[in-house]
$ cat work.cif   # mmCIF, C-alpha atoms
data_run
loop_
_atom_site.label_atom_id
_atom_site.label_comp_id
_atom_site.auth_asym_id
_atom_site.auth_seq_id
_atom_site.Cartn_x
_atom_site.Cartn_y
_atom_site.Cartn_z
CA MET A 669 59.11 -14.60 -3.55
CA ASN A 670 60.50 -11.18 -4.45
CA ALA A 671 63.63 -9.60 -2.96
CA GLN A 672 61.62 -8.09 -0.07
CA ASN A 673 60.03 -11.42 0.86
CA GLY A 674 56.71 -10.57 -0.78
CA TYR A 675 54.88 -12.93 -3.12
CA ASN A 676 55.39 -12.60 -6.85
CA ILE A 677 52.19 -12.89 -8.91
CA GLU A 678 53.34 -16.39 -9.96
CA ASP A 679 53.51 -17.50 -6.32
CA LEU A 680 49.86 -16.71 -5.52
CA THR A 681 47.06 -19.27 -5.50
CA VAL A 682 43.32 -18.64 -5.19
CA GLY A 683 42.23 -19.28 -1.59
CA GLN A 684 45.65 -18.42 -0.11
CA SER A 685 45.10 -16.39 3.06
CA ALA A 686 46.92 -14.37 5.73
CA SER A 687 45.86 -12.43 8.83
CA VAL A 688 47.06 -9.82 11.28
CA SER A 689 45.42 -9.06 14.62
CA LYS A 690 45.66 -6.09 16.95
CA THR A 691 43.81 -4.90 20.02
CA ILE A 692 42.38 -1.43 19.37
CA THR A 693 43.12 0.68 22.43
CA ASP A 694 42.24 4.17 23.58
CA ALA A 695 45.76 5.16 22.51
CA ASP A 696 45.06 4.05 18.94
CA ILE A 697 41.83 6.06 18.83
CA VAL A 698 43.50 9.21 20.18
CA LEU A 699 46.45 8.90 17.79
CA PHE A 700 44.24 8.16 14.79
CA SER A 701 42.11 11.21 15.66
CA GLY A 702 45.27 13.31 15.48
CA VAL A 703 46.68 11.93 12.24
CA SER A 704 43.29 11.97 10.47
CA THR A 705 41.80 15.12 12.08
CA ASP A 706 38.65 13.00 12.59
CA THR A 707 37.76 14.17 16.09
CA ASN A 708 34.09 13.19 15.95
CA ALA A 709 32.65 13.03 19.48
CA VAL A 710 31.52 9.43 18.96
CA HIS A 711 35.20 8.47 19.00
CA LEU A 712 36.42 10.76 21.79
CA ASN A 713 33.59 11.71 24.16
CA GLU A 714 32.31 8.80 26.25
CA GLU A 715 29.47 10.78 27.82
CA PHE A 716 28.19 11.86 24.42
CA ALA A 717 28.82 8.44 22.84
CA LYS A 718 26.69 6.80 25.55
CA THR A 719 23.70 8.77 24.27
CA THR A 720 24.09 7.41 20.71
CA MET A 721 22.93 4.10 19.23
CA PHE A 722 26.44 2.76 19.89
CA GLY A 723 26.14 3.13 23.68
CA GLY A 724 29.75 4.23 24.05
CA ARG A 725 32.86 5.27 22.15
CA ILE A 726 33.73 3.44 18.94
CA ALA A 727 36.94 3.35 16.92
CA HIS A 728 37.19 5.07 13.54
CA GLY A 729 36.28 2.63 10.76
CA MET A 730 39.36 3.71 8.85
CA LEU A 731 41.53 2.77 11.84
CA SER A 732 40.48 -0.89 11.53
CA ALA A 733 40.89 -0.55 7.76
CA GLY A 734 44.55 0.25 8.49
CA LEU A 735 44.95 -3.39 9.55
CA ILE A 736 43.85 -4.44 6.05
CA SER A 737 46.63 -2.25 4.67
CA ALA A 738 49.00 -4.04 7.06
CA VAL A 739 48.08 -7.59 6.07
CA LEU A 740 48.30 -6.70 2.37
CA GLY A 741 51.56 -4.76 2.61
CA ASN A 742 53.37 -6.99 5.07
CA ARG A 743 52.02 -10.51 4.52
CA LEU A 744 49.96 -11.23 1.40
CA PRO A 745 50.92 -10.33 -1.25
CA GLY A 746 53.39 -8.48 0.97
CA PRO A 747 56.38 -6.15 0.53
CA GLY A 748 57.13 -4.84 -2.94
CA THR A 749 53.49 -4.95 -4.08
CA ILE A 750 51.44 -1.80 -4.69
CA TYR A 751 47.99 -1.01 -3.29
CA LEU A 752 45.70 -0.01 -6.17
CA GLY A 753 42.27 -0.06 -4.61
CA GLN A 754 40.03 -1.08 -1.74
CA THR A 755 36.31 -1.34 -1.07
CA LEU A 756 35.05 -1.17 2.52
CA LYS A 757 31.65 -1.96 4.00
CA PHE A 758 31.44 -1.00 7.64
CA LYS A 759 29.20 -3.68 9.16
CA ALA A 760 29.52 -3.22 12.93
CA PRO A 761 31.32 -0.93 15.39
CA VAL A 762 34.74 -1.64 16.94
CA ARG A 763 35.06 -0.62 20.58
CA PRO A 764 38.16 0.21 22.63
CA GLY A 765 39.58 -3.11 23.84
CA ASP A 766 38.28 -5.12 20.87
CA THR A 767 40.86 -7.26 19.09
CA VAL A 768 40.47 -6.87 15.33
CA THR A 769 41.71 -9.56 12.94
CA ALA A 770 42.20 -8.50 9.32
CA THR A 771 42.26 -11.40 6.87
CA ALA A 772 43.10 -11.20 3.17
CA THR A 773 42.25 -14.15 0.89
CA VAL A 774 43.31 -14.35 -2.76
CA LYS A 775 40.17 -14.32 -4.93
CA GLU A 776 41.40 -13.62 -8.46
CA ILE A 777 44.83 -13.61 -10.12
CA ILE A 778 45.39 -11.77 -13.42
CA VAL A 779 48.96 -12.85 -14.22
CA GLU A 780 49.34 -10.83 -17.45
CA LYS A 781 48.44 -7.61 -15.62
CA LYS A 782 50.30 -8.66 -12.43
CA ARG A 783 47.10 -7.87 -10.54
CA ALA A 784 45.54 -9.79 -7.68
CA VAL A 785 42.11 -9.25 -6.11
CA LEU A 786 41.84 -10.27 -2.47
CA GLU A 787 38.75 -10.58 -0.31
CA THR A 788 39.42 -8.58 2.86
CA VAL A 789 37.52 -8.95 6.10
CA CYS A 790 38.04 -7.55 9.59
CA THR A 791 36.47 -9.52 12.42
CA VAL A 792 35.99 -9.10 16.18
CA ASN A 793 35.30 -12.36 18.01
CA GLY A 794 34.72 -13.99 14.64
CA LYS A 795 32.02 -11.48 13.63
CA PRO A 796 32.68 -9.33 10.52
CA VAL A 797 33.06 -5.61 11.24
CA ILE A 798 34.43 -4.61 7.80
CA GLU A 799 34.05 -6.48 4.50
CA GLY A 800 35.46 -5.64 1.10
CA GLU A 801 37.99 -6.30 -1.61
CA ALA A 802 41.53 -5.13 -2.33
CA THR A 803 43.28 -4.84 -5.69
CA MET A 804 47.07 -5.17 -5.66
CA LEU A 805 49.75 -4.70 -8.33
CA CYS A 806 52.25 -7.51 -7.71
CA THR A 807 55.86 -8.11 -8.57
CA SER A 808 56.73 -10.86 -11.07
CA GLY A 809 59.57 -13.36 -10.98
CA LYS A 810 59.95 -12.63 -14.71
CA ASP A 811 60.70 -8.90 -14.22
CA MET B 529 20.78 20.41 10.93
CA ASN B 530 20.73 17.75 13.63
CA ALA B 531 21.52 18.28 17.32
CA GLN B 532 25.26 17.72 16.73
CA ASN B 533 25.43 20.27 13.91
CA GLY B 534 25.46 17.62 11.17
CA TYR B 535 23.22 17.78 8.11
CA ASN B 536 19.92 15.92 8.15
CA ILE B 537 19.14 14.05 4.93
CA GLU B 538 16.57 16.76 4.11
CA ASP B 539 19.29 19.45 4.28
CA LEU B 540 21.51 17.88 1.61
CA THR B 541 21.59 18.95 -2.04
CA VAL B 542 23.37 17.26 -4.94
CA GLY B 543 26.64 19.07 -5.62
CA GLN B 544 27.06 20.30 -2.04
CA SER B 545 30.72 19.97 -1.08
CA ALA B 546 33.14 20.25 1.86
CA SER B 547 36.88 19.79 2.32
CA VAL B 548 39.52 19.27 4.97
CA SER B 549 43.26 19.66 4.42
CA LYS B 550 46.27 18.46 6.39
CA THR B 551 50.00 18.29 5.82
CA ILE B 552 51.16 14.68 6.12
CA THR B 553 54.30 14.72 8.23
CA ASP B 554 56.86 12.13 9.30
CA ALA B 555 55.08 12.07 12.66
CA ASP B 556 51.81 11.02 10.98
CA ILE B 557 53.55 8.20 9.11
CA VAL B 558 55.28 6.89 12.26
CA LEU B 559 52.06 7.07 14.32
CA PHE B 560 49.96 5.46 11.58
CA SER B 561 52.55 2.66 11.31
CA GLY B 562 52.05 2.01 15.01
CA VAL B 563 48.27 2.09 15.09
CA SER B 564 47.91 0.02 11.91
CA THR B 565 50.95 -2.29 12.35
CA ASP B 566 51.72 -1.47 8.68
CA THR B 567 55.48 -1.09 9.00
CA ASN B 568 56.27 -1.66 5.33
CA ALA B 569 59.78 -0.38 4.53
CA VAL B 570 58.44 1.88 1.77
CA HIS B 571 56.85 3.97 4.52
CA LEU B 572 59.66 3.88 7.09
CA ASN B 573 63.05 3.22 5.44
CA GLU B 574 64.28 6.12 3.27
CA GLU B 575 67.32 4.25 1.99
CA PHE B 576 65.20 1.32 0.87
CA ALA B 577 62.38 3.53 -0.44
CA LYS B 578 64.90 5.38 -2.65
CA THR B 579 65.51 2.11 -4.51
CA THR B 580 61.82 1.68 -5.36
CA MET B 581 59.75 3.21 -8.17
CA PHE B 582 58.62 5.87 -5.65
CA GLY B 583 62.14 7.25 -5.16
CA GLY B 584 61.61 7.83 -1.44
CA ARG B 585 59.26 7.20 1.46
CA ILE B 586 55.52 7.48 0.85
CA ALA B 587 52.63 7.75 3.30
CA HIS B 588 50.22 4.85 3.81
CA GLY B 589 47.25 5.17 1.43
CA MET B 590 44.91 4.49 4.34
CA LEU B 591 46.40 7.45 6.22
CA SER B 592 45.21 9.86 3.55
CA ALA B 593 41.92 7.95 3.49
CA GLY B 594 41.57 8.95 7.14
CA LEU B 595 41.06 12.53 5.94
CA ILE B 596 38.02 11.33 3.96
CA SER B 597 36.64 9.91 7.19
CA ALA B 598 37.26 13.33 8.77
CA VAL B 599 35.45 15.40 6.13
CA LEU B 600 32.48 13.00 6.19
CA GLY B 601 32.25 12.72 9.97
CA ASN B 602 32.98 16.33 10.86
CA ARG B 603 31.71 18.41 7.93
CA LEU B 604 29.45 16.77 5.34
CA PRO B 605 27.13 15.14 6.20
CA GLY B 606 28.87 15.58 9.55
CA PRO B 607 28.29 14.57 13.17
CA GLY B 608 25.49 12.13 13.94
CA THR B 609 25.73 10.38 10.55
CA ILE B 610 27.03 6.83 10.17
CA TYR B 611 29.71 5.63 7.77
CA LEU B 612 28.38 2.64 5.83
CA GLY B 613 30.88 2.18 3.05
CA GLN B 614 33.79 3.56 1.06
CA THR B 615 35.56 2.77 -2.18
CA LEU B 616 39.16 3.88 -2.66
CA LYS B 617 41.34 3.99 -5.76
CA PHE B 618 44.93 4.87 -4.95
CA LYS B 619 46.07 6.95 -7.92
CA ALA B 620 49.39 8.48 -6.86
CA PRO B 621 51.72 8.45 -3.84
CA VAL B 622 51.62 10.98 -0.98
CA ARG B 623 55.04 11.99 0.35
CA PRO B 624 56.04 13.41 3.74
CA GLY B 625 55.41 17.16 3.59
CA ASP B 626 52.57 16.90 1.06
CA THR B 627 49.36 18.70 2.01
CA VAL B 628 46.38 16.47 1.28
CA THR B 629 42.91 17.96 0.72
CA ALA B 630 39.98 15.55 1.08
CA THR B 631 36.79 16.75 -0.59
CA ALA B 632 33.36 15.14 -0.34
CA THR B 633 30.62 16.13 -2.81
CA VAL B 634 27.03 14.95 -2.53
CA LYS B 635 26.24 12.76 -5.57
CA GLU B 636 23.01 10.97 -4.70
CA ILE B 637 20.37 11.39 -1.97
CA ILE B 638 17.97 8.56 -1.11
CA VAL B 639 15.65 10.32 1.34
CA GLU B 640 13.45 7.31 2.16
CA LYS B 641 16.49 5.25 3.18
CA LYS B 642 18.25 8.26 4.77
CA ARG B 643 21.28 7.40 2.65
CA ALA B 644 23.62 9.73 0.82
CA VAL B 645 26.35 8.82 -1.66
CA LEU B 646 29.25 11.26 -1.84
CA GLU B 647 32.08 11.43 -4.32
CA THR B 648 35.32 11.55 -2.33
CA VAL B 649 38.66 12.72 -3.66
CA CYS B 650 41.99 13.42 -2.02
CA THR B 651 44.29 15.79 -3.89
CA VAL B 652 47.86 17.06 -3.53
CA ASN B 653 48.53 20.31 -5.40
CA GLY B 654 45.21 19.81 -7.19
CA LYS B 655 46.18 16.34 -8.48
CA PRO B 656 44.02 13.38 -7.38
CA VAL B 657 45.84 10.86 -5.18
CA ILE B 658 42.74 8.91 -4.04
CA GLU B 659 39.34 8.73 -5.75
CA GLY B 660 36.19 6.94 -4.65
CA GLU B 661 32.74 7.09 -3.15
CA ALA B 662 31.31 7.06 0.35
CA THR B 663 27.89 5.88 1.50
CA MET B 664 26.48 7.51 4.64
CA LEU B 665 23.41 6.84 6.79
CA CYS B 666 22.08 10.29 7.72
CA THR B 667 19.87 11.66 10.43
CA SER B 668 16.42 13.00 9.52
CA GLY B 669 14.62 16.06 10.78
CA LYS B 670 11.49 13.84 10.92
CA ASP B 671 13.00 11.33 13.42
#

$ encode --input "work.cif" --output "structure tokens"
Amino acid sequence: MNAQNGYNIEDLTVGQSASVSKTITDADIVLFSGVSTDTNAVHLNEEFAKTTMFGGRIAHGMLSAGLISAVLGNRLPGPGTIYLGQTLKFKAPVRPGDTVTATATVKEIIVEKKRAVLETVCTVNGKPVIEGEATMLCTSGKD
Amino acid sequence: MNAQNGYNIEDLTVGQSASVSKTITDADIVLFSGVSTDTNAVHLNEEFAKTTMFGGRIAHGMLSAGLISAVLGNRLPGPGTIYLGQTLKFKAPVRPGDTVTATATVKEIIVEKKRAVLETVCTVNGKPVIEGEATMLCTSGKD
């Protein structure tokens, strides 16, 4: 582990996994609208959102993606590592009250470049709502 | 345009572009930490962050990515369209006080699938901090 309790590249193993979960509330959607300026009516206007294919308000996809950032930055590989890239496929909507679990699983370790690729998935009730991959620059115990 | 003032797939042209800009403040970083649970010290602890390669606190990458969500959902292709996917390469840090401009530019239009691919870039003082691509499911004037 590094000085901030994150994993060094040498500590990682393929298949290693960590998760964080959070219930997405109306408060999260309102606050995310403010910080992002994404005030699309499908997020904020229940009467309008009822008329769409979603049948009601949905959370911003990038709000749930924030949980991926959390699991990577705080758990695996964790503090001290640097976020280089992310792919996101938005598979299904997240609604106010849904509990989202973001899980990162080590897929590939490139020790000489100190890079790790992790499969990242967000689920609600076990069903994927976001799928993708993260690339992280890790610390090394040899630094 | 569709009923929500978004672009139908038939309205898009390759090269068409839109932007949104926002100054990323300490308030944004604190609120994003709460909604995402990403409380990494590099975002919240100035004394610690000064000891890192960044030399001070930086904003969450996914916070700036929220501005991409905003330009896509509110401007181009805009309301009524659905966010299918996004790739993100984090190129440089965003610091409190930086003004981030997210720009989406139409790259590819697949009319029969109602899909559009947009190049998405976030810049600070003209320098890219995030690069990537978005895939959107658009409305059609023929629906």

$ closest_atom_pairs --input "work.cif" --of "stretch 730-778 of chain A" --to "stretch 703-717 of chain A" --cutoff "10 Å" --atoms "only C-alpha atoms" --output "CSV"
residue,atom,partner,partner_atom,distance
A:Met730,CA,A:Ser704,CA,9.3
A:Leu731,CA,A:Ser704,CA,9.5
A:Arg763,CA,A:His711,CA,9.2
A:Pro764,CA,A:His711,CA,9.5

$ write_last_selection --input "work.cif" --atoms "C-alpha atoms" --output "mmCIF file, in the frame of the given file"
data_model
loop_
_atom_site.group_PDB
_atom_site.id
_atom_site.type_symbol
_atom_site.label_atom_id
_atom_site.label_comp_id
_atom_site.auth_asym_id
_atom_site.auth_seq_id
_atom_site.Cartn_x
_atom_site.Cartn_y
_atom_site.Cartn_z
ATOM 1 C CA MET A 730 39.360 3.710 8.850
ATOM 2 C CA LEU A 731 41.530 2.770 11.840
ATOM 3 C CA ARG A 763 35.060 -0.620 20.580
ATOM 4 C CA PRO A 764 38.160 0.210 22.630
#

$ resolve_selection --input "work.cif" --expression "the PyMOL selection byres ((chain B and resi 647-660) around 7)" --output "PyMOL selection string"
chain B and resi 596+615-621+626-635+645-646+661-662

$ atom_distance --input "work.cif" --atom1 "atom CA of B:Gly562" --atom2 "atom CA of A:Ala738"
10.4 Å

$ closest_residue --input "work.cif" --among "B:Gly543, B:Gly606, B:Gly625, B:Gly669" --to "chain A" --atoms "only C-alpha atoms"
B:Gly606

$ residues_around --input "work.cif" --residues "A:Thr803" --least-positions-apart "3" --cutoff "6 Å" --atoms "all atoms listed in the file" --output "list in words"
Leu752, Gly753, Ala784 and Val785 of chain A

$ closest_residue --input "work.cif" --among "B:Glu636, B:Asp671, B:Asp539, B:Asp556" --to "chain A" --atoms "all atoms listed in the file"
B:Asp556

$ closest_residue --input "work.cif" --among "A:Ala695, A:Val762, A:Val779, A:Ala686" --to "A:Arg743" --atoms "all atoms listed in the file"
A:Ala686

$ closest_residue --input "work.cif" --among "A:Leu735, A:Leu680, A:Lys781, A:Gly748" --to "chain B" --atoms "all atoms listed in the file"
A:Leu735

$ atom_distance --input "work.cif" --atom1 "atom CA of B:Gly534" --atom2 "atom CA of B:Ser592"
22.5 Å

$ atom_distance --input "work.cif" --atom1 "atom CA of B:Gly589" --atom2 "atom CA of A:Pro745"
16.2 Å

$ closest_residue --input "work.cif" --among "B:Cys666, B:Ile557, B:Leu604, B:Val542" --to "chain A" --atoms "all atoms listed in the file"
B:Ile557

$ decode --input "work.cif" --residues "stretch 707-762 of chain A" --atoms "C-alpha atoms" --output "tab-separated table (two decimals), in the first residue's frame"
chain	number	residue	atom	x	y	z
A	707	THR	CA	-31.03	21.35	-15.85
A	708	ASN	CA	-32.74	19.16	-18.44
A	709	ALA	CA	-36.45	18.83	-17.64
A	710	VAL	CA	-36.21	15.03	-17.57
A	711	HIS	CA	-34.19	15.41	-14.37
A	712	LEU	CA	-36.15	18.22	-12.71
A	713	ASN	CA	-39.75	18.36	-13.97
A	714	GLU	CA	-41.86	15.38	-12.87
A	715	GLU	CA	-44.90	16.40	-14.90
A	716	PHE	CA	-42.83	16.66	-18.08
A	717	ALA	CA	-40.78	13.54	-17.28
A	718	LYS	CA	-44.01	11.51	-16.93
A	719	THR	CA	-44.73	12.21	-20.60
A	720	THR	CA	-41.37	10.75	-21.73
A	721	MET	CA	-40.37	7.12	-22.30
A	722	PHE	CA	-38.92	7.14	-18.77
A	723	GLY	CA	-42.32	7.73	-17.11
A	724	GLY	CA	-40.84	10.03	-14.49
A	725	ARG	CA	-37.71	11.90	-13.43
A	726	ILE	CA	-34.35	10.19	-13.84
A	727	ALA	CA	-30.94	11.03	-12.39
A	728	HIS	CA	-28.16	12.41	-14.58
A	729	GLY	CA	-26.03	9.56	-15.94
A	730	MET	CA	-22.91	11.46	-14.93
A	731	LEU	CA	-24.18	11.60	-11.34
A	732	SER	CA	-24.06	7.79	-11.08
A	733	ALA	CA	-20.72	7.91	-12.88
A	734	GLY	CA	-19.48	9.97	-9.92
A	735	LEU	CA	-19.76	6.81	-7.82
A	736	ILE	CA	-17.28	5.13	-10.18
A	737	SER	CA	-14.89	8.00	-9.49
A	738	ALA	CA	-15.45	7.37	-5.77
A	739	VAL	CA	-14.71	3.64	-5.82
A	740	LEU	CA	-11.58	4.21	-7.91
A	741	GLY	CA	-10.28	7.16	-5.91
A	742	ASN	CA	-11.14	5.93	-2.44
A	743	ARG	CA	-11.00	2.13	-2.60
A	744	LEU	CA	-9.38	0.46	-5.61
A	745	PRO	CA	-6.73	1.39	-6.58
A	746	GLY	CA	-7.51	4.17	-4.10
A	747	PRO	CA	-5.82	7.33	-2.81
A	748	GLY	CA	-2.65	8.50	-4.51
A	749	THR	CA	-3.60	7.05	-7.90
A	750	ILE	CA	-4.52	9.23	-10.89
A	751	TYR	CA	-7.61	8.90	-13.08
A	752	LEU	CA	-6.51	8.80	-16.73
A	753	GLY	CA	-9.63	7.71	-18.55
A	754	GLN	CA	-13.11	6.24	-18.42
A	755	THR	CA	-15.61	4.78	-20.86
A	756	LEU	CA	-19.31	4.84	-19.99
A	757	LYS	CA	-22.27	3.07	-21.58
A	758	PHE	CA	-25.55	4.23	-20.13
A	759	LYS	CA	-27.71	1.09	-20.15
A	760	ALA	CA	-30.76	1.97	-18.06
A	761	PRO	CA	-32.14	4.96	-16.13
A	762	VAL	CA	-31.57	5.60	-12.41
